[in-house]
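Single-structure report; data block below.
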Amino acid sequence: MNARPGEAALAALATVTAIWPVTTLLDSGEWVRGAVAMVLVVALVGVAARLVRLRGWQVALAQTVAAAVVAGWLYGRGHLWHGLPGIETATAFNSLLVDARGTIESFTAPAPTTRGLSLLVGLVAGVVAVVVDYLAVTRRSAAMAGLPLLAVFLGSSANSGSSLHPAFFVALAVVWLVMVGRQGTGLVRRWSTTSATPLTPVSSASSVGDTGAAGTATLGRSLGVVAIAAALVVPLALPHLPTRFLLSGLGRNDDSSGSGGSVGFSQSLDLARDLADRSTRPVLTYRTTASAPPPLRVTVSSTYVNGSWLPPRRSVDRTATSADPSVPTPTGLDPSVPKRRESVSVLGNLLEPPNLAAPYPLAGADLGGTRWGLDNRTQSVLVADQVSGYDLSYWDVEPTDSMLRDGVPGATTNRVVDPRDLQVDSRSAARVRALADAVTKGRTNAYDRALAIQEFLRSNGGFTYSLTLAPPVTDQSGRVLPLDPLSHFLVTRQGYCVQFSTAMIMMARAQGIPARIAVGFLPGHVDRGIWTVAVADAHAWPELYLDGIGWLRFEPTPAARSGAAPIYATVLPGSSADEGRPTDTTASGSSSSTRKQDLLERANDVATPQTALPGGSARASWVDHLPHGWSLVLLAVLLGLVGAAAAPAGALWSRRRRLRSAPDGAGRVEAQWVALTEQLADLGMPAPPSQTPRQLHDHYVREAYLDHDGEQALGRVLGTLERARYAPPRAAVVDVRQDAHRVLRAVAPTRPLWLRLRAVVMPSAGTAEVRRLRRRTARALGSPFRAVAALVRRLTQR
């Protein structure tokens, strides 16, 4: 078999041209180098395999193996087995491809170029290169090779969100035609030499002209030009059909986010996909006067049907009718309830209209001339057009204990709530009512009953926060029990914020407390005064109505996801709320500000046993019983062990020295953070330079595939680091060593064995300490000799 390097080069060029439109789908070209490398490797291996006369399927197999090895080198990043892909590589690739799928489903084009998407494009390029090379070069069927090339091209064009530039199609068509024409001309020429009579005109007067190879080639080129022209012109005359998108992701603007597009808000109120999206793509950036801002509410629903919350029926035309509408008093909030006005200034907003994220209850708004309005019942903000930035003010309601328990003196008792806010789901009503009665037993007012329900779901009922719902429940005979979604959650006690909120709403309604679900975003994270809300901050929470106070936010979702509950909805361990909330009013006049001082977070660090270092002195009897000469061997082994322990001991000494030299708690946190980054770097994950703690959190979670506990521990470490760096002087900080150890324990199993051994035996901090000690020792030992040498120089100079 001929090596056919020219045809292989054309096939590789055609493959690269086919994946060229991917540049319109991703926001950077980081993927290009890897994808082109995969294509070139396939071409070179194909030439070499054909040169040694392998069969067609053997050539394709050799190209596939080579592409897999190169993919491991390019994208494996420490997950190789002796330099070759293995089970660990496949596991890492699976995680990256799952991340790539999530990015595709959550971002519009151009999407961020993640490692997963780079891997996906590289693997697609390698597979297409193998198929095209096999068809066009090995099997000499260049026309058939157009099918995989067209498939890749259509995949890009269908997901770009807009029309591709004609240059992409023309370039691919030209390369494919050159490939077909070159191969076709060669075939025709071979036809003319296979018979005794060459393929030439019979006579100059023949009615059939240009019957030779040149005429056939000319005809083929003409047909190719006509076909390209038709492909460019005909679509202009055809009706435009709806675009179909890859995995319903790239190219769509609803329920997605993108570098250049907007973020659509899920109108189904099912946040499973939004919560599973771990993207840090910003939805909002804002400043606020509040030290701990509340969640930003987008929409509210009171209707629960067949396991789903239905979106409210609202019209922008009816509500967003003014550029400066009046903001009514929040429903049910009596003027005598203490409240403080806070402000929010949104610097960037990608949320699509008609939705707008805003705290509740709203006090005022300035949307820069955009027409907007309020839903009078829920105070949800609706806008006619997307607003890039806007200013809001809202009320931080601070009711006293007596107002929460006993009501607001003089306030009207007429509830202004929708009857749907008291409707319990019929399919789970019996179970919900029985559970609510048991949980609220002994509570004498609506506020205490609400607290009891919240604490049952949040911490006392054994519930687990998980984006994956539990499998169907079966009876003893293995038959699946016909449980409705809410009953399934209450039985399995596993779910995410929507399930927790739904359970609290239905249990509150069963106790006669009006309740509804609010959907929006958690406050996000703050960096130097700027709060950033990401797609992954999507959240749902219940709002309960209390007479005289109106709608109040509660937080039944565990703190690992939702953070702290509102001050008025917080129950300290061992407080009276845990024992029935007695209604004595000895402290009923205490304000919320006094309660805030009593609700300071109390860290309960549980000390873990220290791991004893192996060691121990050798017994003399060992040496006495050894054969003659083995004592020197034993001495060498002991010296080797001491030498091997030098670097780990040096690392331990270096970290302790930094801790001892730290001037305060903030300095100790910095020293512990430096130690953690050193150890992670030893495990093959160096910290990228010039990144914020939040960026480093995302980097380490992505690179190490941290489990839930490890990710939470890392978040606590970085949160403490932020407080240590930006908190006022002499502010109290928490020791993070135990969380740092949890992070390392979570990271270590994901790293190759040789990296773990190197991190233990040759830690970078230890080797640096050994080098420093060696330099100091050399200087100390050389000092007498340098002094003598200096004395000799002075004497000889005289």
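FYI, nothing fancy with the structure tokens labels: chains A, B, ... in order, residues from 1 per chain, ligands from 1 as they appear.
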
Q. If you count only C-alpha atoms, which residues fall within 12 Å of A:Ala647, apart from same-chain ones fewer than 3 positions away, as JSON, numbers by chain?
A. {"A": [641, 642, 643, 644, 650, 651, 652, 653, 654, 758, 759, 760, 761, 762, 763, 764, 765, 766, 767, 768, 769, 770, 771, 772, 773]}

Q.
Show me, as a PyMOL selection string, the residues that have an atom within 12 Å of A:Leu147 when counting only C-alpha atoms, minus same-chain residues fewer than 6 positions from it.
A. chain A and resi 14-15+18+128+131-132+135-136+141+153-154+173+176

Q.
One decimal, in Å: what's the spacing between atom CA of A:His741 and atom CA of A:Pro688?
A. 20.9 Å

Q.
With only C-alpha atoms as the counted atoms, please give the residues lying no more than 9 Å from stretch 90-94 of chain A, apart from itself and same-chain residues fewer than 3 positions off, as number ranges by chain.
A. A: 72, 75-76, 79, 85-87, 97-99, 116, 119, 705

Keeping only all heavy atoms, take the residues you just selected and write them out as an mmCIF file, in the first residue's frame.
```cif
data_model
loop_
_atom_site.group_PDB
_atom_site.id
_atom_site.type_symbol
_atom_site.label_atom_id
_atom_site.label_comp_id
_atom_site.auth_asym_id
_atom_site.auth_seq_id
_atom_site.Cartn_x
_atom_site.Cartn_y
_atom_site.Cartn_z
ATOM 1 N N GLY A 72 -4.230 11.395 26.048
ATOM 2 C CA GLY A 72 -3.820 11.302 27.438
ATOM 3 C C GLY A 72 -2.702 12.269 27.772
ATOM 4 O O GLY A 72 -2.702 12.912 28.828
ATOM 5 N N TYR A 75 -4.380 15.984 27.565
ATOM 6 C CA TYR A 75 -5.465 16.354 28.465
ATOM 7 C C TYR A 75 -5.464 15.573 29.785
ATOM 8 O O TYR A 75 -6.309 15.840 30.640
ATOM 9 C CB TYR A 75 -6.820 16.130 27.779
ATOM 10 C CG TYR A 75 -6.937 16.789 26.428
ATOM 11 C CD1 TYR A 75 -6.858 16.032 25.253
ATOM 12 C CD2 TYR A 75 -7.119 18.150 26.316
ATOM 13 C CE1 TYR A 75 -6.969 16.628 24.004
ATOM 14 C CE2 TYR A 75 -7.237 18.756 25.070
ATOM 15 C CZ TYR A 75 -7.149 17.988 23.911
ATOM 16 O OH TYR A 75 -7.260 18.586 22.684
ATOM 17 N N GLY A 76 -4.550 14.590 29.937
ATOM 18 C CA GLY A 76 -4.559 13.759 31.135
ATOM 19 C C GLY A 76 -4.163 14.506 32.378
ATOM 20 O O GLY A 76 -4.755 14.337 33.437
ATOM 21 N N HIS A 79 -2.857 12.079 35.189
ATOM 22 C CA HIS A 79 -3.703 10.893 35.362
ATOM 23 C C HIS A 79 -3.240 9.758 34.449
ATOM 24 O O HIS A 79 -4.068 8.967 33.976
ATOM 25 C CB HIS A 79 -5.164 11.242 35.066
ATOM 26 C CG HIS A 79 -5.740 12.268 35.999
ATOM 27 N ND1 HIS A 79 -6.182 11.975 37.269
ATOM 28 C CD2 HIS A 79 -5.907 13.606 35.843
ATOM 29 C CE1 HIS A 79 -6.611 13.070 37.848
ATOM 30 N NE2 HIS A 79 -6.454 14.072 37.018
ATOM 31 N N PRO A 85 -2.233 6.231 29.006
ATOM 32 C CA PRO A 85 -3.591 6.324 29.559
ATOM 33 C C PRO A 85 -4.014 5.015 30.206
ATOM 34 O O PRO A 85 -3.668 3.928 29.733
ATOM 35 C CB PRO A 85 -4.462 6.640 28.328
ATOM 36 C CG PRO A 85 -3.503 7.127 27.286
ATOM 37 C CD PRO A 85 -2.194 6.446 27.559
ATOM 38 N N GLY A 86 -4.756 5.136 31.293
ATOM 39 C CA GLY A 86 -5.250 3.956 31.998
ATOM 40 C C GLY A 86 -6.636 4.206 32.549
ATOM 41 O O GLY A 86 -7.369 5.088 32.081
ATOM 42 N N ILE A 87 -6.983 3.428 33.558
ATOM 43 C CA ILE A 87 -8.310 3.553 34.168
ATOM 44 C C ILE A 87 -8.487 4.936 34.784
ATOM 45 O O ILE A 87 -9.547 5.560 34.670
ATOM 46 C CB ILE A 87 -8.514 2.462 35.236
ATOM 47 C CG1 ILE A 87 -8.414 1.070 34.596
ATOM 48 C CG2 ILE A 87 -9.873 2.635 35.911
ATOM 49 C CD1 ILE A 87 -9.465 0.816 33.529
ATOM 50 N N LEU A 97 -15.791 15.285 30.593
ATOM 51 C CA LEU A 97 -16.855 15.285 29.598
ATOM 52 C C LEU A 97 -18.216 15.583 30.228
ATOM 53 O O LEU A 97 -19.075 16.204 29.592
ATOM 54 C CB LEU A 97 -16.888 13.939 28.872
ATOM 55 C CG LEU A 97 -15.671 13.648 27.985
ATOM 56 C CD1 LEU A 97 -15.762 12.247 27.405
ATOM 57 C CD2 LEU A 97 -15.556 14.676 26.876
ATOM 58 N N VAL A 98 -18.416 15.150 31.484
ATOM 59 C CA VAL A 98 -19.646 15.521 32.184
ATOM 60 C C VAL A 98 -19.693 17.031 32.390
ATOM 61 O O VAL A 98 -20.736 17.684 32.199
ATOM 62 C CB VAL A 98 -19.743 14.773 33.533
ATOM 63 C CG1 VAL A 98 -20.874 15.340 34.378
ATOM 64 C CG2 VAL A 98 -19.966 13.291 33.300
ATOM 65 N N ASP A 99 -18.549 17.618 32.766
ATOM 66 C CA ASP A 99 -18.491 19.070 32.899
ATOM 67 C C ASP A 99 -18.750 19.751 31.561
ATOM 68 O O ASP A 99 -19.417 20.794 31.498
ATOM 69 C CB ASP A 99 -17.120 19.493 33.435
ATOM 70 C CG ASP A 99 -16.915 19.083 34.880
ATOM 71 O OD1 ASP A 99 -17.930 18.829 35.550
ATOM 72 O OD2 ASP A 99 -15.756 19.023 35.325
ATOM 73 N N GLY A 116 -13.001 20.643 29.972
ATOM 74 C CA GLY A 116 -13.878 19.621 29.434
ATOM 75 C C GLY A 116 -14.214 19.852 27.976
ATOM 76 O O GLY A 116 -14.202 18.920 27.165
ATOM 77 N N LEU A 119 -11.184 19.120 25.830
ATOM 78 C CA LEU A 119 -11.059 17.672 25.641
ATOM 79 C C LEU A 119 -12.084 17.174 24.629
ATOM 80 O O LEU A 119 -11.757 16.368 23.744
ATOM 81 C CB LEU A 119 -11.244 16.958 26.979
ATOM 82 C CG LEU A 119 -11.392 15.436 26.927
ATOM 83 C CD1 LEU A 119 -10.116 14.786 26.406
ATOM 84 C CD2 LEU A 119 -11.755 14.876 28.307
ATOM 85 N N TYR A 705 -11.344 17.407 41.468
ATOM 86 C CA TYR A 705 -12.598 16.653 41.529
ATOM 87 C C TYR A 705 -12.990 16.382 42.985
ATOM 88 O O TYR A 705 -13.236 15.248 43.385
ATOM 89 C CB TYR A 705 -12.497 15.336 40.763
ATOM 90 C CG TYR A 705 -11.926 15.474 39.388
ATOM 91 C CD1 TYR A 705 -10.659 15.005 39.097
ATOM 92 C CD2 TYR A 705 -12.642 16.115 38.367
ATOM 93 C CE1 TYR A 705 -10.117 15.152 37.837
ATOM 94 C CE2 TYR A 705 -12.105 16.260 37.103
ATOM 95 C CZ TYR A 705 -10.841 15.765 36.841
ATOM 96 O OH TYR A 705 -10.301 15.888 35.589
#
```

Q: Report as a ChimeraX atom specification: the residues of stretch 289-487 of chain A with a DSSP assignment of helix (DSSP H, G or I), based on the backbone of this structure.
A: /A:316-319,401-406,419-422,429-439,446-460,485-487
